[in-house]
$ cat work_20.pdb   # PDB, C-alpha atoms
ATOM      1  CA  MET A   7     106.333  70.194  -0.788
ATOM      2  CA  ALA A   8     106.411  72.395  -3.886
ATOM      3  CA  LYS A   9     109.363  74.748  -4.045
ATOM      4  CA  ASP A  10     107.142  77.812  -4.448
ATOM      5  CA  LYS A  11     105.241  77.075  -1.217
ATOM      6  CA  VAL A  12     107.022  79.102   1.420
ATOM      7  CA  LYS A  13     105.767  79.831   4.936
ATOM      8  CA  LYS A  14     104.776  83.479   5.168
ATOM      9  CA  PRO A  15     106.369  85.343   8.071
ATOM     10  CA  ILE A  16     103.929  86.221  10.838
ATOM     11  CA  LYS A  17     104.446  89.720  12.125
ATOM     12  CA  VAL A  18     104.240  90.257  15.874
ATOM     13  CA  ASP A  19     102.372  93.209  17.339
ATOM     14  CA  LEU A  20     105.069  94.710  19.533
ATOM     15  CA  SER A  21     102.428  96.275  21.780
ATOM     16  CA  ARG A  22     101.579  92.743  22.944
ATOM     17  CA  THR A  23     105.016  91.897  24.281
ATOM     18  CA  ASN A  24     108.649  92.878  24.730
ATOM     19  CA  ALA A  25     112.042  91.322  24.084
ATOM     20  CA  LYS A  26     112.525  89.970  27.609
ATOM     21  CA  GLU A  27     109.128  88.311  27.762
ATOM     22  CA  LEU A  28     109.316  86.843  24.283
ATOM     23  CA  THR A  29     112.798  85.388  24.780
ATOM     24  CA  THR A  30     111.647  83.822  28.060
ATOM     25  CA  LEU A  31     108.595  82.280  26.414
ATOM     26  CA  TYR A  32     110.784  80.970  23.595
ATOM     27  CA  HIS A  33     113.270  79.464  26.045
ATOM     28  CA  ASP A  34     110.573  77.736  28.089
ATOM     29  CA  MET A  35     108.839  76.240  25.057
ATOM     30  CA  LEU A  36     112.106  75.069  23.538
ATOM     31  CA  LEU A  37     113.135  73.436  26.817
ATOM     32  CA  ILE A  38     109.924  71.403  26.799
ATOM     33  CA  ARG A  39     110.388  70.437  23.125
ATOM     34  CA  ARG A  40     113.963  69.240  23.567
ATOM     35  CA  PHE A  41     113.192  67.492  26.854
ATOM     36  CA  GLU A  42     110.324  65.579  25.272
ATOM     37  CA  GLU A  43     112.449  64.604  22.294
ATOM     38  CA  LYS A  44     115.061  63.201  24.684
ATOM     39  CA  ALA A  45     112.352  61.365  26.632
ATOM     40  CA  GLY A  46     111.212  59.797  23.377
ATOM     41  CA  GLN A  47     114.774  58.658  22.679
ATOM     42  CA  LEU A  48     115.134  57.142  26.149
ATOM     43  CA  TYR A  49     111.823  55.349  25.768
ATOM     44  CA  GLY A  50     113.025  53.839  22.490
ATOM     45  CA  MET A  51     116.180  52.661  24.271
ATOM     46  CA  GLY A  52     114.133  50.941  26.975
ATOM     47  CA  ALA A  53     115.174  53.370  29.725
ATOM     48  CA  ILE A  54     111.547  54.475  30.276
ATOM     49  CA  GLY A  55     108.932  51.811  30.893
ATOM     50  CA  GLY A  56     105.161  51.829  30.878
ATOM     51  CA  PHE A  57     103.242  54.601  29.166
ATOM     52  CA  CYS A  58     104.798  57.824  27.928
ATOM     53  CA  HIS A  59     102.745  60.637  26.388
ATOM     54  CA  LEU A  60     104.783  63.395  24.777
ATOM     55  CA  TYR A  61     103.783  67.067  24.690
ATOM     56  CA  ILE A  62     105.544  67.954  21.427
ATOM     57  CA  GLY A  63     103.506  70.572  19.535
ATOM     58  CA  GLN A  64     101.458  71.790  22.494
ATOM     59  CA  GLU A  65     104.165  73.786  24.289
ATOM     60  CA  ALA A  66     102.533  77.200  23.838
ATOM     61  CA  VAL A  67      99.513  76.218  25.926
ATOM     62  CA  VAL A  68     101.217  75.517  29.229
ATOM     63  CA  VAL A  69     103.945  78.153  28.814
ATOM     64  CA  GLY A  70     101.426  80.873  28.002
ATOM     65  CA  MET A  71      99.148  79.923  30.892
ATOM     66  CA  GLN A  72     101.982  79.630  33.400
ATOM     67  CA  ALA A  73     103.043  83.177  32.518
ATOM     68  CA  VAL A  74      99.867  84.628  34.069
ATOM     69  CA  LEU A  75      99.971  82.780  37.394
ATOM     70  CA  LYS A  76     101.069  84.080  40.779
ATOM     71  CA  PRO A  77     102.870  82.287  43.632
ATOM     72  CA  GLY A  78     100.355  80.078  45.426
ATOM     73  CA  ASP A  79      98.261  79.262  42.362
ATOM     74  CA  THR A  80      97.895  75.539  41.732
ATOM     75  CA  VAL A  81      98.053  73.364  38.622
ATOM     76  CA  ILE A  82      96.710  69.912  37.875
ATOM     77  CA  THR A  83      96.707  68.037  34.593
ATOM     78  CA  THR A  84      96.387  64.697  32.857
ATOM     79  CA  TYR A  85      98.950  62.100  31.817
ATOM     80  CA  ARG A  86     100.461  64.283  29.050
ATOM     81  CA  ASP A  87     102.216  66.139  31.805
ATOM     82  CA  HIS A  88     105.991  66.487  31.404
ATOM     83  CA  GLY A  89     105.651  69.894  29.766
ATOM     84  CA  HIS A  90     103.476  71.125  32.619
ATOM     85  CA  MET A  91     106.082  70.017  35.137
ATOM     86  CA  LEU A  92     108.857  71.932  33.440
ATOM     87  CA  ALA A  93     106.680  75.018  32.990
ATOM     88  CA  CYS A  94     105.938  74.961  36.723
ATOM     89  CA  GLY A  95     109.659  75.143  37.421
ATOM     90  CA  MET A  96     110.298  71.530  38.367
ATOM     91  CA  ASP A  97     113.924  70.454  37.916
ATOM     92  CA  PRO A  98     114.468  68.613  34.592
ATOM     93  CA  LYS A  99     116.796  66.207  36.412
ATOM     94  CA  GLY A 100     114.088  65.188  38.860
ATOM     95  CA  VAL A 101     111.483  64.882  36.111
ATOM     96  CA  MET A 102     113.705  62.723  33.906
ATOM     97  CA  ALA A 103     114.737  60.621  36.888
ATOM     98  CA  GLU A 104     111.087  59.939  37.631
ATOM     99  CA  LEU A 105     110.417  59.037  34.002
ATOM    100  CA  THR A 106     113.166  56.437  34.203
ATOM    101  CA  GLY A 107     111.904  55.104  37.550
ATOM    102  CA  ARG A 108     114.827  56.259  39.686
ATOM    103  CA  ALA A 109     114.967  56.993  43.404
ATOM    104  CA  THR A 110     116.036  60.581  42.693
ATOM    105  CA  GLY A 111     112.792  61.305  40.843
ATOM    106  CA  TYR A 112     110.031  63.565  42.110
ATOM    107  CA  SER A 113     107.979  60.584  43.294
ATOM    108  CA  ARG A 114     111.061  58.556  44.197
ATOM    109  CA  GLY A 115     110.678  56.418  41.104
ATOM    110  CA  LYS A 116     107.186  55.171  41.954
ATOM    111  CA  GLY A 117     105.070  57.565  39.897
ATOM    112  CA  GLY A 118     106.639  57.341  36.483
ATOM    113  CA  SER A 119     105.509  59.394  33.529
ATOM    114  CA  MET A 120     101.886  59.873  34.555
ATOM    115  CA  HIS A 121     101.940  60.223  38.328
ATOM    116  CA  MET A 122     104.488  62.657  39.658
ATOM    117  CA  PHE A 123     103.871  65.872  41.542
ATOM    118  CA  SER A 124     105.594  68.652  43.437
ATOM    119  CA  ALA A 125     103.894  70.292  46.402
ATOM    120  CA  GLU A 126     106.730  72.806  46.460
ATOM    121  CA  ARG A 127     105.843  73.938  42.938
ATOM    122  CA  ASN A 128     102.076  73.632  43.534
ATOM    123  CA  PHE A 129     101.872  70.973  40.840
ATOM    124  CA  PHE A 130      99.417  68.255  41.841
ATOM    125  CA  GLY A 131      99.862  65.748  39.004
ATOM    126  CA  GLY A 132      99.856  63.967  36.514
ATOM    127  CA  HIS A 133      96.736  61.699  36.583
ATOM    128  CA  GLY A 134      96.206  58.555  34.552
ATOM    129  CA  ILE A 135      92.401  58.457  34.815
ATOM    130  CA  VAL A 136      90.774  60.261  31.893
ATOM    131  CA  GLY A 137      89.070  63.420  33.160
ATOM    132  CA  ALA A 138      90.234  62.996  36.776
ATOM    133  CA  SER A 139      92.060  66.317  36.763
ATOM    134  CA  VAL A 140      88.762  68.199  36.475
ATOM    135  CA  PRO A 141      87.041  67.188  39.748
ATOM    136  CA  ILE A 142      90.360  67.200  41.607
ATOM    137  CA  GLY A 143      91.032  70.659  40.197
ATOM    138  CA  ALA A 144      87.635  71.785  41.454
ATOM    139  CA  GLY A 145      88.668  70.419  44.855
ATOM    140  CA  LEU A 146      91.898  72.420  44.809
ATOM    141  CA  ALA A 147      89.878  75.511  43.919
ATOM    142  CA  PHE A 148      87.504  74.741  46.797
ATOM    143  CA  ALA A 149      90.513  74.733  49.125
ATOM    144  CA  HIS A 150      91.562  78.142  47.801
ATOM    145  CA  ALA A 151      88.043  79.484  48.387
ATOM    146  CA  TYR A 152      87.822  77.910  51.848
ATOM    147  CA  ARG A 153      91.131  79.439  52.883
ATOM    148  CA  ASN A 154      90.316  82.722  51.141
ATOM    149  CA  ASP A 155      93.927  82.876  49.963
ATOM    150  CA  GLY A 156      93.234  84.695  46.684
ATOM    151  CA  ASN A 157      94.726  81.929  44.563
ATOM    152  CA  VAL A 158      93.325  80.069  41.566
ATOM    153  CA  CYS A 159      93.659  76.569  40.153
ATOM    154  CA  LEU A 160      94.323  75.630  36.532
ATOM    155  CA  ALA A 161      92.764  72.271  35.659
ATOM    156  CA  TYR A 162      93.860  70.875  32.293
ATOM    157  CA  PHE A 163      92.188  68.080  30.355
ATOM    158  CA  GLY A 164      91.866  66.918  26.754
ATOM    159  CA  ASP A 165      89.183  66.911  24.086
ATOM    160  CA  GLY A 166      88.559  63.221  24.722
ATOM    161  CA  ALA A 167      88.087  63.784  28.448
ATOM    162  CA  ALA A 168      85.634  66.594  27.674
ATOM    163  CA  ASN A 169      82.982  63.910  27.038
ATOM    164  CA  GLN A 170      83.309  62.414  30.536
ATOM    165  CA  GLY A 171      80.386  62.803  32.931
ATOM    166  CA  GLN A 172      82.519  63.873  35.890
ATOM    167  CA  VAL A 173      83.597  66.920  33.878
ATOM    168  CA  TYR A 174      80.053  68.300  33.797
ATOM    169  CA  GLU A 175      79.428  67.506  37.443
ATOM    170  CA  SER A 176      82.543  69.524  38.243
ATOM    171  CA  PHE A 177      81.431  72.422  36.058
ATOM    172  CA  ASN A 178      78.142  72.539  37.941
ATOM    173  CA  MET A 179      79.719  72.451  41.399
ATOM    174  CA  ALA A 180      82.376  75.005  40.495
ATOM    175  CA  ALA A 181      79.777  77.397  39.113
ATOM    176  CA  LEU A 182      77.400  76.843  42.024
ATOM    177  CA  TRP A 183      80.084  77.703  44.566
ATOM    178  CA  LYS A 184      81.910  80.240  42.353
ATOM    179  CA  LEU A 185      85.184  78.393  42.759
ATOM    180  CA  PRO A 186      88.389  80.075  41.526
ATOM    181  CA  VAL A 187      89.254  77.576  38.806
ATOM    182  CA  VAL A 188      90.111  77.840  35.122
ATOM    183  CA  PHE A 189      89.231  74.691  33.200
ATOM    184  CA  ILE A 190      91.510  74.289  30.174
ATOM    185  CA  ILE A 191      90.695  71.903  27.322
ATOM    186  CA  GLU A 192      93.805  71.103  25.294
ATOM    187  CA  ASN A 193      92.026  70.271  22.069
ATOM    188  CA  ASN A 194      94.682  68.494  20.013
ATOM    189  CA  GLU A 195      91.934  67.150  17.716
ATOM    190  CA  TYR A 196      92.387  63.400  18.163
ATOM    191  CA  ALA A 197      91.898  62.329  21.799
ATOM    192  CA  MET A 198      93.357  58.800  21.938
ATOM    193  CA  GLY A 199      93.033  58.431  18.179
ATOM    194  CA  THR A 200      89.515  59.484  17.217
ATOM    195  CA  SER A 201      88.957  62.806  15.485
ATOM    196  CA  VAL A 202      86.788  65.235  17.440
ATOM    197  CA  LYS A 203      84.465  65.357  14.434
ATOM    198  CA  ARG A 204      83.787  61.644  14.846
ATOM    199  CA  GLY A 205      83.673  61.577  18.650
ATOM    200  CA  SER A 206      81.759  64.730  19.579
ATOM    201  CA  ALA A 207      78.357  65.883  18.373
ATOM    202  CA  LYS A 208      79.320  69.465  19.236
ATOM    203  CA  THR A 209      82.936  70.350  18.574
ATOM    204  CA  GLU A 210      82.929  73.869  20.031
ATOM    205  CA  PHE A 211      84.325  72.731  23.367
ATOM    206  CA  PHE A 212      84.470  76.219  24.859
ATOM    207  CA  ARG A 213      80.661  76.111  24.976
ATOM    208  CA  ARG A 214      80.559  72.943  27.072
ATOM    209  CA  GLY A 215      80.054  74.844  30.326
ATOM    210  CA  GLU A 216      77.165  77.033  29.172
ATOM    211  CA  SER A 217      74.462  74.867  30.736
ATOM    212  CA  SER A 218      76.071  75.485  34.136
ATOM    213  CA  GLY A 219      76.713  79.161  33.517
ATOM    214  CA  VAL A 220      80.468  78.708  32.971
ATOM    215  CA  PRO A 221      81.665  81.226  30.367
ATOM    216  CA  GLY A 222      84.046  79.919  27.733
ATOM    217  CA  LYS A 223      86.520  81.182  25.187
ATOM    218  CA  GLN A 224      88.330  79.588  22.267
ATOM    219  CA  VAL A 225      92.049  80.394  21.937
ATOM    220  CA  ASP A 226      94.711  79.677  19.332
ATOM    221  CA  GLY A 227      96.828  77.270  21.346
ATOM    222  CA  MET A 228      99.665  77.462  18.830
ATOM    223  CA  ASP A 229     100.204  81.178  19.575
ATOM    224  CA  VAL A 230     101.808  81.643  22.991
ATOM    225  CA  LEU A 231     100.826  85.318  23.166
ATOM    226  CA  ALA A 232      97.184  84.507  22.384
ATOM    227  CA  VAL A 233      97.297  81.875  25.129
ATOM    228  CA  LYS A 234      98.786  84.365  27.586
ATOM    229  CA  GLU A 235      96.131  86.960  26.771
ATOM    230  CA  GLY A 236      93.231  84.509  26.986
ATOM    231  CA  GLY A 237      94.728  83.029  30.150
ATOM    232  CA  ALA A 238      95.067  86.440  31.781
ATOM    233  CA  GLU A 239      91.386  87.125  31.148
ATOM    234  CA  ALA A 240      90.282  83.771  32.552
ATOM    235  CA  VAL A 241      92.542  83.928  35.621
ATOM    236  CA  ALA A 242      91.371  87.473  36.407
ATOM    237  CA  HIS A 243      87.771  86.263  36.129
ATOM    238  CA  ALA A 244      88.351  83.398  38.560
ATOM    239  CA  ARG A 245      90.544  85.380  40.941
ATOM    240  CA  GLY A 246      87.977  88.178  41.002
ATOM    241  CA  GLY A 247      85.343  85.976  42.632
ATOM    242  CA  LYS A 248      83.297  85.426  39.471
ATOM    243  CA  GLY A 249      83.694  81.668  39.509
ATOM    244  CA  PRO A 250      85.099  79.289  36.908
ATOM    245  CA  MET A 251      85.914  79.956  33.267
ATOM    246  CA  LEU A 252      86.532  77.467  30.461
ATOM    247  CA  LEU A 253      89.263  77.888  27.857
ATOM    248  CA  GLU A 254      89.464  75.735  24.738
ATOM    249  CA  MET A 255      93.020  75.707  23.434
ATOM    250  CA  LYS A 256      93.104  74.771  19.761
ATOM    251  CA  THR A 257      96.407  72.932  19.609
ATOM    252  CA  TYR A 258      97.971  69.891  17.952
ATOM    253  CA  ARG A 259     100.242  67.049  18.964
ATOM    254  CA  TYR A 260     102.899  65.950  16.506
ATOM    255  CA  ARG A 261     103.449  62.491  17.991
ATOM    256  CA  GLY A 262     100.971  59.713  18.622
ATOM    257  CA  HIS A 263      98.729  59.602  21.666
ATOM    258  CA  SER A 264     101.493  57.703  23.451
ATOM    259  CA  MET A 265     104.820  56.255  22.387
ATOM    260  CA  SER A 266     103.056  53.014  21.405
ATOM    261  CA  ASP A 267     100.639  54.792  19.047
ATOM    262  CA  PRO A 268     101.606  54.729  15.337
ATOM    263  CA  ALA A 269      99.008  57.477  14.654
ATOM    264  CA  THR A 270      97.756  55.875  11.441
ATOM    265  CA  TYR A 271      94.447  57.735  11.799
ATOM    266  CA  ARG A 272      95.923  60.885  10.240
ATOM    267  CA  SER A 273      98.169  61.564   7.288
ATOM    268  CA  ARG A 274     101.830  62.469   7.440
ATOM    269  CA  ASP A 275     101.046  65.430   5.184
ATOM    270  CA  GLU A 276      98.643  66.803   7.801
ATOM    271  CA  VAL A 277     101.261  66.691  10.533
ATOM    272  CA  THR A 278     103.896  68.207   8.256
ATOM    273  CA  ARG A 279     101.549  71.023   7.261
ATOM    274  CA  VAL A 280     100.875  71.966  10.881
ATOM    275  CA  ARG A 281     104.587  71.850  11.719
ATOM    276  CA  GLU A 282     105.463  74.097   8.803
ATOM    277  CA  GLU A 283     102.611  76.568   9.115
ATOM    278  CA  ARG A 284     101.666  76.722  12.792
ATOM    279  CA  ASP A 285     104.552  75.523  14.952
ATOM    280  CA  PRO A 286     104.452  77.607  18.173
ATOM    281  CA  ILE A 287     108.221  77.679  18.679
ATOM    282  CA  ASP A 288     109.125  78.543  15.090
ATOM    283  CA  ARG A 289     106.522  81.302  15.229
ATOM    284  CA  VAL A 290     108.153  82.980  18.219
ATOM    285  CA  ARG A 291     111.604  82.476  16.732
ATOM    286  CA  ASP A 292     110.444  84.304  13.595
ATOM    287  CA  TRP A 293     109.014  87.119  15.705
ATOM    288  CA  LEU A 294     112.251  87.549  17.637
ATOM    289  CA  ILE A 295     114.325  87.809  14.487
ATOM    290  CA  GLU A 296     111.903  89.948  12.472
ATOM    291  CA  ALA A 297     111.528  92.451  15.319
ATOM    292  CA  ASN A 298     115.295  92.520  15.964
ATOM    293  CA  MET A 299     114.693  91.284  19.513
ATOM    294  CA  ALA A 300     117.272  88.516  19.187
ATOM    295  CA  SER A 301     120.033  87.549  16.810
ATOM    296  CA  GLU A 302     120.588  84.199  15.140
ATOM    297  CA  ASP A 303     123.696  83.722  17.282
ATOM    298  CA  ALA A 304     121.779  84.413  20.493
ATOM    299  CA  LEU A 305     119.107  81.889  19.564
ATOM    300  CA  LYS A 306     121.755  79.304  18.685
ATOM    301  CA  LYS A 307     123.255  79.802  22.130
ATOM    302  CA  THR A 308     119.823  79.315  23.713
ATOM    303  CA  GLU A 309     119.481  76.080  21.768
ATOM    304  CA  ALA A 310     122.914  74.882  22.899
ATOM    305  CA  ASP A 311     122.244  75.783  26.537
ATOM    306  CA  ILE A 312     118.948  73.909  26.518
ATOM    307  CA  ARG A 313     120.451  70.830  24.905
ATOM    308  CA  ALA A 314     123.108  70.826  27.622
ATOM    309  CA  ILE A 315     120.416  70.977  30.331
ATOM    310  CA  VAL A 316     118.453  68.139  28.733
ATOM    311  CA  ASN A 317     121.519  65.953  28.211
ATOM    312  CA  GLU A 318     122.556  66.541  31.814
ATOM    313  CA  SER A 319     119.099  65.514  33.007
ATOM    314  CA  ALA A 320     119.310  62.281  31.017
ATOM    315  CA  GLU A 321     122.780  61.495  32.355
ATOM    316  CA  PHE A 322     121.652  62.229  35.907
ATOM    317  CA  ALA A 323     118.609  59.998  35.519
ATOM    318  CA  THR A 324     120.353  56.997  34.005
ATOM    319  CA  ALA A 325     123.139  57.200  36.602
ATOM    320  CA  SER A 326     120.728  57.366  39.538
ATOM    321  CA  PRO A 327     119.846  54.245  41.558
ATOM    322  CA  GLU A 328     116.549  52.433  41.278
ATOM    323  CA  PRO A 329     114.268  52.517  44.346
ATOM    324  CA  ASP A 330     114.877  50.000  47.095
ATOM    325  CA  PRO A 331     112.242  47.220  46.960
ATOM    326  CA  ALA A 332     111.173  48.264  50.477
ATOM    327  CA  GLU A 333     109.753  51.445  48.901
ATOM    328  CA  LEU A 334     106.788  49.337  47.781
ATOM    329  CA  TYR A 335     105.444  49.613  51.315
ATOM    330  CA  THR A 336     105.955  53.365  51.815
ATOM    331  CA  ASP A 337     103.634  56.258  50.934
ATOM    332  CA  VAL A 338     100.605  53.970  51.049
ATOM    333  CA  TYR A 339      99.002  55.817  53.953
ATOM    334  CA  VAL A 340      99.425  59.330  55.281
ATOM    335  CA  ALA A 341     100.848  59.411  58.797
ATOM    336  CA  ALA A 342      98.319  60.716  61.321
TER
END

$ encode --input "work_20.pdb" --output "structure tokens"
Amino acid sequence: MAKDKVKKPIKVDLSRTNAKELTTLYHDMLLIRRFEEKAGQLYGMGAIGGFCHLYIGQEAVVVGMQAVLKPGDTVITTYRDHGHMLACGMDPKGVMAELTGRATGYSRGKGGSMHMFSAERNFFGGHGIVGASVPIGAGLAFAHAYRNDGNVCLAYFGDGAANQGQVYESFNMAALWKLPVVFIIENNEYAMGTSVKRGSAKTEFFRRGESSGVPGKQVDGMDVLAVKEGGAEAVAHARGGKGPMLLEMKTYRYRGHSMSDPATYRSRDEVTRVREERDPIDRVRDWLIEANMASEDALKKTEADIRAIVNESAEFATASPEPDPAELYTDVYVAA
């Protein structure tokens, strides 16, 4: 990069937030970033098997959305799910233990990276089938409507999954029954490795629900405050009995689709440019310092505290026992 090319500071509108909220958002995003980096290290060491899809770069989406939920609201997502788990309040130790296939994991070592959940935290997965989170999310929303509990469901999926037929069937049913669900497309631009410009005839994904009467909105998914504001609008719409709403989060993943993806379909310069100009965590860090909401020392302490949490989770996971082979025959059926 040329020496005269310096990232311009982005001023924060203080009417949009306050020091407590912004430091919390920063902490939660940084926890996800450092956790995912550690997961990547463990995968490289052979401690994590199977598939592993990292959330690095997309942290603002789930942290901003989680900030507008209430107790009882439900969340469901795809296989790029570790960040969602942490944002929901799941214990990093239990998440890392599940990633490494240990008995102390959230699914007792049988779910792995893509298939863990926590009923206690109202997190319903983690699903390996592309687009599966959308119809299941509509089902969770149907349960909320049936029980009349006033809660909503957030159903996340990616730009690649947006082309699946079951997605549109779900939009139609959710609109027909006015289900309290917010459909969230995490548009990181490349699906499994194909640019949205090459894989979609219409790239304005927030318009995908129009034929079913589902209103949509496009949001800067690299700005956690923009996500929170767009999320608040969509959740209020769904909670108010107006039916589903679709949010397209314009985000970006820094790593490949999975740990086995070399990501040769895009240039290193492109990734570097996004990191330097749009990184969601650096943006909030700049805001905190520029607005005198936090000092450099305070942010260094936050970094150290988070690294300690992540390291502890890795030590806990690798020291935990593997599941007993008899576990193969449990959790197959639900007891009557």

$ resolve_selection --input "work_20.pdb" --expression "the PyMOL selection byres ((chain A and resi 326-334) around 8)" --output "list in words"
Ala103, Gly107, Arg108, Ala109, Thr110, Arg114, Gly115, Lys116, Phe322, Ala323, Thr324, Ala325, Tyr335 and Thr336 of chain A

$ closest_residue --input "work_20.pdb" --among "A:Leu48, A:Met299, A:Ala181, A:Leu36" --to "Ala93 of chain A" --atoms "all atoms listed in the file"
A:Leu36

$ resolve_selection --input "work_20.pdb" --expression "the PyMOL selection byres ((chain A and resi 73) around 10)" --output "PyMOL selection string"
chain A and resi 27+30-31+68-72+74-76+93-94+230-231+233-235+237-238

$ residues_around --input "work_20.pdb" --residues "segment 170-175 of chain A" --least-positions-apart "2" --cutoff "12 Å" --atoms "all atoms listed in the file" --output "PyMOL selection string"
chain A and resi 135-144+161-168+177-182+189-191+205-206+213-220+252

$ resolve_selection --input "work_20.pdb" --expression "the PyMOL selection byres ((chain A and resi 41) around 9)" --output "PDB file with C-alpha atoms, keeping the file's coordinate frame"
ATOM      1  CA  LEU A  36     112.106  75.069  23.538  1.00  0.00           C
ATOM      2  CA  LEU A  37     113.135  73.436  26.817  1.00  0.00           C
ATOM      3  CA  ILE A  38     109.924  71.403  26.799  1.00  0.00           C
ATOM      4  CA  ARG A  39     110.388  70.437  23.125  1.00  0.00           C
ATOM      5  CA  ARG A  40     113.963  69.240  23.567  1.00  0.00           C
ATOM      6  CA  GLU A  42     110.324  65.579  25.272  1.00  0.00           C
ATOM      7  CA  GLU A  43     112.449  64.604  22.294  1.00  0.00           C
ATOM      8  CA  LYS A  44     115.061  63.201  24.684  1.00  0.00           C
ATOM      9  CA  ALA A  45     112.352  61.365  26.632  1.00  0.00           C
ATOM     10  CA  GLY A  46     111.212  59.797  23.377  1.00  0.00           C
ATOM     11  CA  HIS A  88     105.991  66.487  31.404  1.00  0.00           C
ATOM     12  CA  GLY A  89     105.651  69.894  29.766  1.00  0.00           C
ATOM     13  CA  PRO A  98     114.468  68.613  34.592  1.00  0.00           C
ATOM     14  CA  MET A 102     113.705  62.723  33.906  1.00  0.00           C
ATOM     15  CA  ILE A 312     118.948  73.909  26.518  1.00  0.00           C
ATOM     16  CA  ARG A 313     120.451  70.830  24.905  1.00  0.00           C
ATOM     17  CA  ILE A 315     120.416  70.977  30.331  1.00  0.00           C
ATOM     18  CA  VAL A 316     118.453  68.139  28.733  1.00  0.00           C
ATOM     19  CA  ASN A 317     121.519  65.953  28.211  1.00  0.00           C
ATOM     20  CA  SER A 319     119.099  65.514  33.007  1.00  0.00           C
TER      21      SER A 319
END

$ atom_distance --input "work_20.pdb" --atom1 "atom CA of Asp275 of chain A" --atom2 "atom CA of His263 of chain A"
17.6 Å

$ closest_residue --input "work_20.pdb" --among "A:Leu28, A:Lys208, A:Met228, A:Val187" --to "Met251 of chain A" --atoms "only C-alpha atoms"
A:Val187

$ axis_aligned_box --input "work_20.pdb" --around "segment 53-60 of chain A" --padding-each-side "5 Å" --output "AutoDock Vina command-line options"
--center_x 109.0 --center_y 57.6 --center_z 27.8 --size_x 22.4 --size_y 21.6 --size_z 16.1

$ closest_residue --input "work_20.pdb" --among "A:Met35, A:Ala310, A:Val202, A:Met91" --to "Asp288 of chain A" --atoms "all atoms listed in the file"
A:Met35

$ closest_residue --input "work_20.pdb" --among "A:His150, A:Arg259, A:His133, A:Arg127" --to "Pro77 of chain A" --atoms "all atoms listed in the file"
A:Arg127

$ closest_residue --input "work_20.pdb" --among "A:Gly78, A:Tyr61, A:Phe211, A:Ser201" --to "Asn154 of chain A" --atoms "only C-alpha atoms"
A:Gly78

$ atom_distance --input "work_20.pdb" --atom1 "atom CA of Lys99 of chain A" --atom2 "atom CA of Glu318 of chain A"
7.4 Å

$ atom_distance --input "work_20.pdb" --atom1 "atom CA of Met120 of chain A" --atom2 "atom CA of Leu160 of chain A"
17.6 Å

$ closest_residue --input "work_20.pdb" --among "A:Asp79, A:Glu321, A:Asp229, A:Glu302" --to "Asn157 of chain A" --atoms "all atoms listed in the file"
A:Asp79
